[in-house]
Structure formats: structure tokens, C-alpha cells
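The file start.tsv comes next; it holds TSV, C-alpha atoms (C1' of nucleotides).
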```tsv
chain	number	residue	atom	x	y	z
Y	9	MET	CA	-19.65	65.09	75.82
Y	10	ARG	CA	-23.12	63.79	75.46
Y	11	VAL	CA	-26.63	65.08	75.25
Y	12	SER	CA	-28.64	64.27	78.37
Y	13	SER	CA	-31.73	62.14	78.12
Y	14	LYS	CA	-33.55	65.14	79.41
Y	15	ALA	CA	-32.72	67.07	76.28
Y	16	HIS	CA	-33.35	64.07	74.12
Y	17	TYR	CA	-36.75	63.37	75.67
Y	18	GLY	CA	-37.61	67.03	75.55
Y	19	LEU	CA	-36.85	67.12	71.88
Y	20	ARG	CA	-38.88	64.01	71.19
Y	21	MET	CA	-41.80	65.50	73.02
Y	22	MET	CA	-41.45	68.71	71.06
Y	23	THR	CA	-41.49	66.85	67.76
Y	24	GLU	CA	-44.77	65.29	68.82
Y	25	PHE	CA	-46.17	68.70	69.60
Y	26	ALA	CA	-44.88	69.84	66.26
Y	27	ARG	CA	-46.74	67.05	64.50
Y	28	ALA	CA	-49.93	68.00	66.26
Y	29	TYR	CA	-49.43	71.68	65.56
Y	30	GLY	CA	-52.63	73.40	64.45
Y	31	ARG	CA	-54.83	70.58	65.62
Y	32	GLY	CA	-55.42	71.50	69.23
Y	33	PRO	CA	-53.52	70.50	72.34
Y	34	LEU	CA	-51.78	67.15	72.70
Y	35	SER	CA	-51.68	65.51	76.10
Y	36	ILE	CA	-48.46	64.19	77.54
Y	37	ALA	CA	-50.26	60.95	78.19
Y	38	GLU	CA	-50.45	60.63	74.44
Y	39	VAL	CA	-46.82	61.62	74.00
Y	40	ALA	CA	-45.77	59.06	76.59
Y	41	ARG	CA	-47.73	56.43	74.71
Y	42	VAL	CA	-46.33	56.96	71.25
Y	43	GLU	CA	-42.78	57.76	72.34
Y	44	HIS	CA	-42.64	55.12	75.05
Y	45	LEU	CA	-41.43	57.56	77.65
Y	46	PRO	CA	-42.32	57.73	81.35
Y	47	LEU	CA	-45.28	60.02	81.80
Y	48	ALA	CA	-44.37	61.42	85.21
Y	49	TYR	CA	-41.00	62.43	83.91
Y	50	LEU	CA	-42.44	64.07	80.85
Y	51	GLU	CA	-44.62	66.16	83.10
Y	52	GLN	CA	-41.52	67.71	84.58
Y	53	LEU	CA	-40.02	68.42	81.20
Y	54	ALA	CA	-43.26	69.85	79.92
Y	55	GLY	CA	-43.16	72.25	82.83
Y	56	LEU	CA	-39.75	73.44	81.76
Y	57	LEU	CA	-40.88	73.88	78.20
Y	58	ARG	CA	-43.89	75.85	79.28
Y	59	ARG	CA	-41.94	78.11	81.62
Y	60	GLY	CA	-39.49	78.58	78.78
Y	61	GLY	CA	-42.33	79.85	76.62
Y	62	LEU	CA	-42.06	77.17	73.96
Y	63	VAL	CA	-45.43	75.59	74.63
Y	64	GLU	CA	-48.67	76.61	76.24
Y	65	SER	CA	-50.89	74.36	78.25
Y	66	THR	CA	-54.62	73.76	78.43
Y	67	ARG	CA	-55.95	72.10	81.52
Y	68	GLY	CA	-58.94	69.88	81.91
Y	69	VAL	CA	-60.42	67.09	79.98
Y	70	HIS	CA	-59.36	67.81	76.46
Y	71	GLY	CA	-56.28	69.65	77.54
Y	72	GLY	CA	-52.67	69.21	76.69
Y	73	TYR	CA	-49.86	71.25	75.23
Y	74	SER	CA	-49.37	73.08	72.00
Y	75	LEU	CA	-46.48	74.99	70.50
Y	76	THR	CA	-46.60	78.72	70.90
Y	77	ARG	CA	-44.99	79.14	67.49
Y	78	SER	CA	-44.94	77.34	64.20
Y	79	PRO	CA	-42.47	74.41	64.15
Y	80	GLU	CA	-40.29	76.18	61.59
Y	81	LEU	CA	-39.67	78.92	64.10
Y	82	ILE	CA	-38.41	76.69	66.89
Y	83	SER	CA	-34.82	75.60	66.69
Y	84	VAL	CA	-33.41	72.55	68.36
Y	85	LEU	CA	-31.01	74.83	70.18
Y	86	GLU	CA	-33.91	76.56	71.85
Y	87	VAL	CA	-35.39	73.29	72.99
Y	88	VAL	CA	-32.13	71.95	74.36
Y	89	HIS	CA	-31.36	75.24	75.95
Y	90	THR	CA	-34.74	75.36	77.61
Y	91	VAL	CA	-34.66	71.94	79.17
Y	92	GLU	CA	-31.04	71.60	80.11
Y	93	GLY	CA	-29.62	75.08	80.24
Y	94	GLU	CA	-26.81	76.44	78.18
Y	95	VAL	CA	-24.65	73.95	76.41
Y	96	SER	CA	-21.10	74.75	77.27
Y	97	PRO	CA	-18.20	72.32	77.09
Y	98	VAL	CA	-16.42	74.00	80.00
Y	99	GLU	CA	-17.52	76.67	82.44
Y	100	CYS	CA	-15.16	79.34	81.28
Y	101	VAL	CA	-16.91	79.62	77.92
Y	102	SER	CA	-20.48	79.89	79.15
Y	103	THR	CA	-22.13	83.25	78.75
Y	104	ASP	CA	-22.51	83.86	82.46
Y	105	TYR	CA	-18.89	83.15	83.20
Y	106	VAL	CA	-17.44	85.83	85.42
Y	107	SER	CA	-14.11	86.79	84.01
Y	108	GLY	CA	-11.34	85.90	86.40
Y	109	SER	CA	-12.96	83.03	88.26
Y	110	CYS	CA	-10.57	80.63	86.59
Y	111	ALA	CA	-7.14	81.31	88.04
Y	112	ARG	CA	-5.43	80.09	84.93
Y	113	GLU	CA	-7.44	82.26	82.59
Y	114	GLY	CA	-4.43	84.12	81.27
Y	115	GLU	CA	-2.28	81.10	80.65
Y	116	CYS	CA	-5.00	78.76	79.50
Y	117	ALA	CA	-3.96	77.03	76.33
Y	118	SER	CA	-7.30	75.55	75.48
Y	119	ARG	CA	-9.96	78.16	76.05
Y	120	GLY	CA	-9.94	79.20	72.42
Y	121	LEU	CA	-10.54	75.62	71.46
Y	122	TRP	CA	-13.50	75.25	73.78
Y	123	MET	CA	-15.01	78.43	72.47
Y	124	ARG	CA	-14.73	77.18	68.92
Y	125	LEU	CA	-16.29	73.93	70.03
Y	126	LYS	CA	-19.21	75.68	71.65
Y	127	GLU	CA	-19.76	77.81	68.56
Y	128	SER	CA	-19.77	74.75	66.42
Y	129	ILE	CA	-22.25	72.88	68.58
Y	130	ASP	CA	-24.55	75.85	68.85
Y	131	ALA	CA	-24.45	76.34	65.11
Y	132	VAL	CA	-25.56	72.80	64.36
Y	133	LEU	CA	-28.37	72.94	66.87
Y	134	ARG	CA	-29.48	76.40	65.83
Y	135	GLN	CA	-29.74	75.62	62.16
Y	136	THR	CA	-32.18	72.78	62.60
Y	137	ASN	CA	-35.80	73.41	63.49
Y	138	LEU	CA	-38.64	71.18	64.49
Y	139	ALA	CA	-40.27	71.26	61.08
Y	140	GLU	CA	-37.13	69.92	59.47
Y	141	LEU	CA	-36.89	67.23	62.06
Y	142	ILE	CA	-40.32	65.81	61.39
Y	143	HIS	CA	-39.87	66.31	57.69
Y	144	ASP	CA	-36.62	64.34	57.68
Y	145	GLN	CA	-38.39	61.63	59.52
Y	146	SER	CA	-41.16	61.25	56.98
Y	147	LEU	CA	-38.47	61.11	54.31
Y	148	LEU	CA	-36.81	58.29	56.18
Y	149	GLU	CA	-40.03	56.42	56.57
Y	150	ALA	CA	-40.83	56.79	52.92
Y	151	MET	CA	-37.49	55.23	52.10
Y	152	ALA	CA	-37.99	52.47	54.63
Y	153	PRO	CA	-36.72	49.10	53.35
Y	154	ALA	CA	-38.42	45.70	53.30
Y	155	GLU	CA	-42.10	46.36	53.71
Y	156	PRO	CA	-43.40	49.23	51.68
Y	157	ARG	CA	-46.36	50.74	53.42
Y	158	PRO	CA	-49.42	52.39	51.94
Y	159	GLU	CA	-48.08	55.89	51.68
Y	160	THR	CA	-51.41	57.56	52.26
Y	161	SER	CA	-51.84	56.19	55.77
Y	162	HIS	CA	-50.78	58.97	58.05
Y	163	ASP	CA	-53.49	58.96	60.65
D	6	MET	CA	-23.15	68.66	76.73
D	7	ARG	CA	-19.94	69.37	78.46
D	8	VAL	CA	-16.38	68.17	78.45
D	9	SER	CA	-15.44	66.27	81.59
D	10	SER	CA	-12.67	67.52	83.81
D	11	LYS	CA	-11.00	64.28	83.00
D	12	ALA	CA	-10.64	65.28	79.39
D	13	HIS	CA	-9.76	68.80	80.32
D	14	TYR	CA	-7.05	67.73	82.77
D	15	GLY	CA	-5.79	65.17	80.32
D	16	LEU	CA	-5.43	67.83	77.70
D	17	ARG	CA	-3.65	70.18	80.05
D	18	MET	CA	-1.23	67.46	80.97
D	19	MET	CA	-0.63	66.70	77.32
D	20	THR	CA	0.15	70.32	76.57
D	21	GLU	CA	2.80	70.19	79.28
D	22	PHE	CA	4.28	67.08	77.73
D	23	ALA	CA	4.17	68.86	74.41
D	24	ARG	CA	6.11	71.78	75.80
D	25	ALA	CA	8.75	69.42	77.15
D	26	TYR	CA	8.90	67.46	73.92
D	27	GLY	CA	12.45	66.61	72.89
D	28	ARG	CA	13.90	67.42	76.27
D	29	GLY	CA	13.50	64.11	78.07
D	30	PRO	CA	10.65	62.86	80.25
D	31	LEU	CA	8.52	65.15	82.38
D	32	SER	CA	7.24	63.86	85.70
D	33	ILE	CA	3.61	64.22	86.67
D	34	ALA	CA	4.79	65.73	89.92
D	35	GLU	CA	6.04	68.60	87.80
D	36	VAL	CA	2.82	68.72	85.79
D	37	ALA	CA	0.80	68.79	88.98
D	38	ARG	CA	2.90	71.67	90.21
D	39	VAL	CA	2.64	73.96	87.21
D	40	GLU	CA	-0.97	73.13	86.34
D	41	HIS	CA	-2.18	73.02	89.94
D	42	LEU	CA	-3.83	69.67	89.51
D	43	PRO	CA	-4.05	66.81	92.01
D	44	LEU	CA	-1.11	64.51	91.49
D	45	ALA	CA	-2.82	61.25	92.40
D	46	TYR	CA	-5.54	61.93	89.90
D	47	LEU	CA	-3.09	62.79	87.16
D	48	GLU	CA	-1.45	59.43	87.72
D	49	GLN	CA	-4.65	57.74	86.69
D	50	LEU	CA	-4.99	59.86	83.59
D	51	ALA	CA	-1.37	59.34	82.68
D	52	GLY	CA	-2.05	55.62	82.79
D	53	LEU	CA	-4.85	56.04	80.28
D	54	LEU	CA	-2.67	58.12	78.01
D	55	ARG	CA	0.08	55.55	78.13
D	56	ARG	CA	-2.19	52.62	77.47
D	57	GLY	CA	-3.62	54.65	74.63
D	58	GLY	CA	-0.16	54.93	73.14
D	59	LEU	CA	0.06	58.71	73.28
D	60	VAL	CA	2.89	58.86	75.78
D	61	GLU	CA	5.60	56.55	76.99
D	62	SER	CA	6.86	56.34	80.53
D	63	THR	CA	10.26	56.10	82.13
D	64	ARG	CA	10.42	54.90	85.68
D	65	GLY	CA	12.92	55.73	88.33
D	66	VAL	CA	14.59	58.84	89.55
D	67	HIS	CA	14.68	61.00	86.47
D	68	GLY	CA	11.66	59.36	84.97
D	69	GLY	CA	8.41	60.76	83.72
D	70	TYR	CA	6.40	60.78	80.52
D	71	SER	CA	7.11	61.90	77.02
D	72	LEU	CA	5.01	62.07	73.88
D	73	THR	CA	5.43	59.20	71.51
D	74	ARG	CA	4.95	61.56	68.58
D	75	SER	CA	5.66	65.14	67.75
D	76	PRO	CA	3.00	67.55	69.11
D	77	GLU	CA	1.87	68.45	65.59
D	78	LEU	CA	0.86	64.86	65.06
D	79	ILE	CA	-1.40	64.58	68.09
D	80	SER	CA	-4.88	65.96	67.75
D	81	VAL	CA	-7.06	67.06	70.60
D	82	LEU	CA	-9.60	64.53	69.44
D	83	GLU	CA	-7.12	61.74	70.09
D	84	VAL	CA	-6.45	62.98	73.58
D	85	VAL	CA	-10.08	63.38	74.50
D	86	HIS	CA	-10.90	60.08	72.93
D	87	THR	CA	-8.16	58.35	74.87
D	88	VAL	CA	-9.08	59.62	78.31
D	89	GLU	CA	-12.83	59.67	78.14
D	90	GLY	CA	-13.78	57.35	75.37
D	91	GLU	CA	-15.69	58.23	72.27
D	92	VAL	CA	-17.51	61.50	72.27
D	93	SER	CA	-21.04	60.78	71.24
D	94	PRO	CA	-24.04	62.94	71.97
D	95	VAL	CA	-26.31	59.91	72.16
D	96	GLU	CA	-25.64	56.20	72.15
D	97	CYS	CA	-27.21	55.46	68.82
D	98	VAL	CA	-24.56	57.44	66.95
D	99	SER	CA	-21.49	55.96	68.57
D	100	THR	CA	-19.37	53.69	66.40
D	101	ASP	CA	-19.97	50.59	68.47
D	102	TYR	CA	-23.72	50.99	68.41
D	103	VAL	CA	-25.38	47.72	67.51
D	104	SER	CA	-28.02	48.46	64.96
D	105	GLY	CA	-31.43	47.73	66.32
D	106	SER	CA	-30.81	48.19	70.02
D	107	CYS	CA	-32.88	51.33	69.96
D	108	ALA	CA	-36.46	50.24	69.41
D	109	ARG	CA	-37.33	53.51	67.77
D	110	GLU	CA	-34.48	53.42	65.31
D	111	GLY	CA	-36.72	53.44	62.29
D	112	GLU	CA	-38.99	56.22	63.42
D	113	CYS	CA	-36.38	58.34	65.12
D	114	ALA	CA	-36.68	61.92	64.03
D	115	SER	CA	-33.48	63.16	65.52
D	116	ARG	CA	-30.78	60.64	64.79
D	117	GLY	CA	-29.64	62.52	61.73
D	118	LEU	CA	-29.26	65.60	63.83
D	119	TRP	CA	-27.16	63.85	66.44
D	120	MET	CA	-24.93	62.40	63.78
D	121	ARG	CA	-24.36	65.83	62.32
D	122	LEU	CA	-23.61	67.10	65.79
D	123	LYS	CA	-21.06	64.38	66.42
D	124	GLU	CA	-19.40	65.05	63.08
D	125	SER	CA	-19.17	68.68	63.89
D	126	ILE	CA	-17.68	68.13	67.32
D	127	ASP	CA	-15.19	65.61	66.03
D	128	ALA	CA	-14.15	67.96	63.27
D	129	VAL	CA	-13.33	70.78	65.63
D	130	LEU	CA	-11.36	68.53	67.94
D	131	ARG	CA	-9.60	66.75	65.12
D	132	GLN	CA	-8.37	69.85	63.40
D	133	THR	CA	-6.53	71.17	66.40
D	134	ASN	CA	-3.28	69.61	67.53
D	135	LEU	CA	-1.11	70.05	70.58
D	136	ALA	CA	1.44	72.20	68.80
D	137	GLU	CA	-1.24	74.71	67.84
D	138	LEU	CA	-2.52	74.75	71.36
D	139	ILE	CA	0.76	75.74	72.92
D	140	HIS	CA	1.46	78.11	70.07
D	141	ASP	CA	-1.85	79.88	70.55
D	142	GLN	CA	-1.02	80.20	74.17
D	143	SER	CA	2.31	81.88	73.61
D	144	LEU	CA	0.51	84.25	71.25
D	145	LEU	CA	-1.93	85.09	73.98
D	146	GLU	CA	0.80	85.65	76.49
D	147	ALA	CA	2.67	87.88	74.11
D	148	MET	CA	-0.45	90.00	73.78
D	149	ALA	CA	-0.99	90.04	77.52
D	150	PRO	CA	-1.94	93.48	78.81
D	151	ALA	CA	-0.28	95.47	81.58
D	152	GLU	CA	3.23	94.11	81.74
D	153	PRO	CA	4.89	93.65	78.36
D	154	ARG	CA	7.54	91.02	78.48
D	155	PRO	CA	10.71	90.69	76.38
D	156	GLU	CA	9.31	89.06	73.28
D	157	THR	CA	12.43	87.04	72.53
D	158	SER	CA	12.14	84.97	75.68
D	159	HIS	CA	10.78	81.67	74.59
D	160	ASP	CA	12.95	79.25	76.53
V	28	DA	C1'	-69.93	64.74	90.25
V	29	DT	C1'	-66.56	62.46	87.67
V	30	DA	C1'	-62.87	61.91	84.89
V	31	DA	C1'	-59.15	63.79	82.44
V	32	DT	C1'	-55.63	66.60	82.52
V	33	DC	C1'	-52.06	69.93	84.05
V	34	DC	C1'	-49.15	71.32	88.03
V	35	DT	C1'	-45.99	71.07	91.91
V	36	DG	C1'	-42.91	69.64	95.27
V	37	DA	C1'	-40.89	65.94	97.57
V	38	DC	C1'	-38.59	61.92	97.34
V	39	DC	C1'	-35.32	58.34	95.76
V	40	DA	C1'	-31.84	55.13	93.63
V	41	DT	C1'	-28.07	54.74	90.71
V	42	DG	C1'	-23.89	55.80	88.59
V	43	DA	C1'	-20.36	58.80	87.02
V	44	DC	C1'	-17.07	61.82	88.51
V	45	DG	C1'	-13.34	63.78	90.78
V	46	DG	C1'	-10.32	62.55	94.10
V	47	DT	C1'	-7.50	59.93	97.77
V	48	DC	C1'	-4.76	56.21	99.67
V	49	DG	C1'	-1.53	52.49	100.28
V	50	DG	C1'	1.64	50.07	98.57
V	51	DA	C1'	4.34	47.56	94.96
V	52	DA	C1'	7.84	47.84	91.15
V	53	DT	C1'	11.56	50.12	88.92
V	54	DT	C1'	15.44	53.00	88.34
V	55	DT	C1'	19.11	56.28	89.54
V	56	DC	C1'	22.41	58.00	92.54
V	57	DC	C1'	25.46	57.97	96.49
X	7	DG	C1'	23.36	48.09	99.24
X	8	DG	C1'	20.20	51.71	100.55
X	9	DA	C1'	17.60	55.80	99.85
X	10	DA	C1'	14.99	58.64	97.04
X	11	DA	C1'	12.28	59.48	93.01
X	12	DT	C1'	9.34	57.96	90.18
X	13	DT	C1'	5.75	55.06	87.61
X	14	DC	C1'	2.09	51.72	88.35
X	15	DC	C1'	-2.14	49.68	90.11
X	16	DG	C1'	-6.19	48.55	92.51
X	17	DA	C1'	-9.27	49.76	96.02
X	18	DC	C1'	-11.90	53.02	98.14
X	19	DC	C1'	-14.91	57.11	98.83
X	20	DG	C1'	-18.04	61.30	99.03
X	21	DT	C1'	-20.76	64.21	96.22
X	22	DC	C1'	-23.73	65.39	92.77
X	23	DA	C1'	-26.47	65.28	88.56
X	24	DT	C1'	-29.50	62.32	86.42
X	25	DG	C1'	-33.46	59.78	85.49
X	26	DG	C1'	-37.39	58.54	87.55
X	27	DT	C1'	-41.50	57.94	90.91
X	28	DC	C1'	-45.19	59.42	93.86
X	29	DA	C1'	-48.90	61.84	96.11
X	30	DG	C1'	-51.83	65.08	95.84
X	31	DG	C1'	-53.76	69.67	94.44
X	32	DA	C1'	-55.94	72.71	90.76
X	33	DT	C1'	-58.66	73.17	86.70
X	34	DT	C1'	-61.91	72.14	83.20
X	35	DA	C1'	-65.14	69.50	80.01
X	36	DT	C1'	-68.95	66.42	80.02
```

Before we go any further, please render this structure as C-alpha cells.
Amino acid sequence: MRVSSKAHYGLRMMTEFARAYGRGPLSIAEVARVEHLPLAYLEQLAGLLRRGGLVESTRGVHGGYSLTRSPELISVLEVVHTVEGEVSPVECVSTDYVSGSCAREGECASRGLWMRLKESIDAVLRQTNLAELIHDQSLLEAMAPAEPRPETSHD
Amino acid sequence: MRVSSKAHYGLRMMTEFARAYGRGPLSIAEVARVEHLPLAYLEQLAGLLRRGGLVESTRGVHGGYSLTRSPELISVLEVVHTVEGEVSPVECVSTDYVSGSCAREGECASRGLWMRLKESIDAVLRQTNLAELIHDQSLLEAMAPAEPRPETSHD
DNA sequence: ATAATCCTGACCATGACGGTCGGAATTTCC
DNA sequence: GGAAATTCCGACCGTCATGGTCAGGATTAT
């Protein structure tokens, strides 16, 4: 019952793209640098995100990736879904489950539970978008303890 | 983002124990038979459940396991927790997380999200207990299509 | 041309998972 | 006492997803 690093990394990368939104493409080399994530691995994930239609790529020297939509319009669910497929606690509640493949389908005591669980997870992920994510973060940083930082430095 | 078979099997076993509650111990051989699960594997899980205090064992010829509490008092969360440890989407939101081990803790944009997710998952699992599970099931079976069964047979 | 970048497929190591096995300990029953 | 039924335990194992690397090709700006 945990989120894969794949999804986690993917989301972190997407928040970087969200921050750069409207200011031209951001290279994954840059993402790898600020997020401290392995570049070669990010390349793979970026491929998934692109094929999923969440980002578009620009090749060549000043290339990189940029969101295809405004950050407010991209939910975390979409991101997770794109990089790691449908989130489904057990097979029999995934959308492409073929009715009948589980022999115990009729007498299964817990399927209802798993469906509720999936609904609940999906709901949480769906109702948060990238804009909120980066907004929450700036809130957090503004409230940061100990050393107050010059609040105009956001370069 | 899926529930392990371990947890799933564990829960299925527990529902069997719940059904047998008040009528003496139920052997895992029996559980394996009616749930079509591998006996040797169930033994392992039963060990976890016992060490977790959810069931107690009786050895010898008419031995087996029985719940230590009434089915209404055992939540699915407890069961899952016992067999597969804490459910936590990412490490930094588990209860035994040592603050600071994640270098990005301060600047993490998504921790709040993961915490909400964990809360949500826990809530769903906590608010369902074993009694409800087996009750839901009998409901389902009563509504079963095709062959209506005598609705007073609940032995 | 060169350097930066995306793109792709192949490869790989590790660990968790689901499962088996052998045998010891305990209890009941005959 | 012996046999059968059971829990108990530790060791073992094959498979698979995961997280990650690598080499090299394609594309584009300078």
C-alpha cells in the first residue's frame, strides 16, 4: 500500500515543470539538479509523461519539457495514473477487470471494501492539482522556522 | 498503490475466523479448503495474526485459531496493519519516520498530499470491521441472481 | 561542427513477494 | 503408549517489479 518512487519522482518532476510553466521548456538535466534525482531515470519517466500527453518536448540546445496545460488543470491523479498505471488496491476493482476472472467473485466478502478504498484514494488524488502543490509549498517555506529568508528572493 | 496478497489473504482468513466466532477454534486446514488458499502460506500469516494479538491458537487434534475479540471490535485496518505493517504511501509519512531523514523535507511540495492520502486510506480501513464484512457478504449472497435460496438458512 | 538536449531500447542488480519444505512441539483420542 | 491432527518455526526458493544505468541515435541552436 505505497506509492512507487516512480510516481513520486514523476510528480516531483511535474511540479518543477509547473513552476517553469509559461517560461519556456525546462530540461530534465535541470530537474535532476534541483530535485537530486538520477537523470537517466527521469528521462524514462519524462517519456511516459510525454506519451501520456501531459508534457510536450522540445529537442536541441535550449530544449526541454513544458506542460501542455496550465498547472491548475493537471491533477495529481493524472500524473500518477500516467506514470504508474491505474491505482487499484486489488485486481478485481480495476477498470479493465474482466468480470468472472476471480473464481470467488460471488462469495467475496471484501470486494466492496476495496472498491470504497479505490474511490477514496482516487478522490484525494483527483482533487489536488499541480498549482495547489506548488502553492502549498511556498506557504510552507514562508512559514519556515529558524532562519527567516528575504521573502522577495524567488529566482 | 495496491494491497498485497498477504493482506488480502490475511483478511480472508480473518473473515473465516469471524464466521466461526463463538464456536471453538477453526483450523487453517479448513480455511485453506474453503478459501482455496495455500495452507503452508496461511500458517505464516496466522503466526503474524497471533503475534499481533488478533487471534489465539489451540494446538493438538481439535485445535485451530479463534478471534480474541468479537468481530465487531476488529477493524480491517488492524488486520492489514498486523500482517503487512503500516500502510504508508511514502516513507516520510509513516509514524516511525525520523524527522530529517529526507533531505528535501523542508522544500517538499507533496508531503501534505501524501499525509492526506494516508489519512484517507486509514479512515476507510478503520471504519470497516469484520462483522460488517461477513454481513455484507450474506447480503450479496441473498441478492444472488439465478438461483434464489431459502432466505432463512443462515447456519 | 559542436554541444546540448531529447529519445529509445537494452541491460542489470536488488529486494519483496508469494510460496514450499522439513521437522519440531503439543494435544487429543484410541 | 502410539497415532493422528494440529500449531509452530526457520530455512529456502523462483519470479517479478522496481529503481537505475548505459550506449548510442536523432534533433536543433549557436

Enumerate, in order of chain and increasing residue number, the residues of chain V with an atom no farther than 9 Å from chain D, each with its shortest atom pair and distance in Å to one decimal, counting all atoms listed in the file, as a tab-separated table.
```
residue	atom	partner	partner_atom	distance
V:DC44	C1'	D:Ser9	CA	8.4
V:DG45	C1'	D:Ser10	CA	7.9
V:DG46	C1'	D:Tyr46	CA	6.4
V:DT47	C1'	D:Ala45	CA	7.2
V:DT53	C1'	D:Gly65	CA	5.8
V:DT54	C1'	D:Gly65	CA	3.7
V:DT55	C1'	D:Val66	CA	5.2
V:DC56	C1'	D:Val66	CA	8.4
```

Suppose we keep C-alpha atoms (C1' of nucleotides); can you now write the selection as a short mmCIF file (atom, residue, chain, number, x, y, z; two decimals), keeping the file's coordinate frame?
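Printed below is again.cif as written:
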```cif
data_model
loop_
_atom_site.label_atom_id
_atom_site.label_comp_id
_atom_site.auth_asym_id
_atom_site.auth_seq_id
_atom_site.Cartn_x
_atom_site.Cartn_y
_atom_site.Cartn_z
"C1'" DC V 44 -17.07 61.82 88.51
"C1'" DG V 45 -13.34 63.78 90.78
"C1'" DG V 46 -10.32 62.55 94.10
"C1'" DT V 47 -7.50 59.93 97.77
"C1'" DT V 53 11.56 50.12 88.92
"C1'" DT V 54 15.44 53.00 88.34
"C1'" DT V 55 19.11 56.28 89.54
"C1'" DC V 56 22.41 58.00 92.54
#
```

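When every C-alpha of chain D is superposed on its counterpart in chain Y by least squares, the root-mean-square deviation equals 0.7 Å.
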
- Task: Give the residues of chain X that lie within 10 Å of chain Y; count only C-alpha atoms (C1' of nucleotides), and format the answer as a ChimeraX atom specification.
- Result: /X:24-28,32-36

Compute the chain Y side of the contact with chain D at 9 Å, counting only C-alpha atoms, and hand it back as a compact mmCIF listing (two decimals) with C-alpha atoms, keeping the file's coordinate frame.
```
# COMPACT_ATOMS: atom_id res chain seq x y z
CA MET Y 9 -19.65 65.09 75.82
CA ARG Y 10 -23.12 63.79 75.46
CA VAL Y 11 -26.63 65.08 75.25
CA SER Y 12 -28.64 64.27 78.37
CA SER Y 13 -31.73 62.14 78.12
CA HIS Y 16 -33.35 64.07 74.12
CA LEU Y 19 -36.85 67.12 71.88
CA ARG Y 20 -38.88 64.01 71.19
CA THR Y 23 -41.49 66.85 67.76
CA GLU Y 43 -42.78 57.76 72.34
CA GLU Y 94 -26.81 76.44 78.18
CA VAL Y 95 -24.65 73.95 76.41
CA SER Y 96 -21.10 74.75 77.27
CA PRO Y 97 -18.20 72.32 77.09
CA VAL Y 98 -16.42 74.00 80.00
CA GLU Y 99 -17.52 76.67 82.44
CA ARG Y 112 -5.43 80.09 84.93
CA GLY Y 114 -4.43 84.12 81.27
CA GLU Y 115 -2.28 81.10 80.65
CA CYS Y 116 -5.00 78.76 79.50
CA ALA Y 117 -3.96 77.03 76.33
CA SER Y 118 -7.30 75.55 75.48
CA GLY Y 120 -9.94 79.20 72.42
CA LEU Y 121 -10.54 75.62 71.46
CA TRP Y 122 -13.50 75.25 73.78
CA ARG Y 124 -14.73 77.18 68.92
CA LEU Y 125 -16.29 73.93 70.03
CA LYS Y 126 -19.21 75.68 71.65
CA SER Y 128 -19.77 74.75 66.42
CA ILE Y 129 -22.25 72.88 68.58
CA VAL Y 132 -25.56 72.80 64.36
CA LEU Y 133 -28.37 72.94 66.87
CA THR Y 136 -32.18 72.78 62.60
CA LEU Y 141 -36.89 67.23 62.06
CA ILE Y 142 -40.32 65.81 61.39
CA HIS Y 143 -39.87 66.31 57.69
CA ASP Y 144 -36.62 64.34 57.68
CA GLN Y 145 -38.39 61.63 59.52
CA SER Y 146 -41.16 61.25 56.98
CA LEU Y 148 -36.81 58.29 56.18
CA GLU Y 149 -40.03 56.42 56.57
CA ALA Y 152 -37.99 52.47 54.63
```

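Between CA of Ala37 in chain D and CA of Met18 in chain D the separation is 8.4 Å.
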
- Message: Considering only C-alpha atoms (C1' of nucleotides), can you say which of V:DC57, V:DA30, V:DC38, V:DC48 comes closest to DC18 in chain X?
- Response: V:DC48

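Residues within 12 Å of DA51 in chain V, counting all atoms listed in the file and excluding same-chain residues fewer than 6 positions away, are DT13, DC14, DC15 and DG16 of chain X.
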
- Find the spatial neighbours of Ile79 in chain D, counting only C-alpha atoms (C1' of nucleotides), within a cut-off of 8 Å - ignore same-chain residues fewer than 5 positions away - and output them as an NGL selection string. :D and (59 or 74 or 84 or 134-135)

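The spacing separating CA of Thr103 in chain Y from CA of Met123 in chain Y amounts to 10.6 Å.
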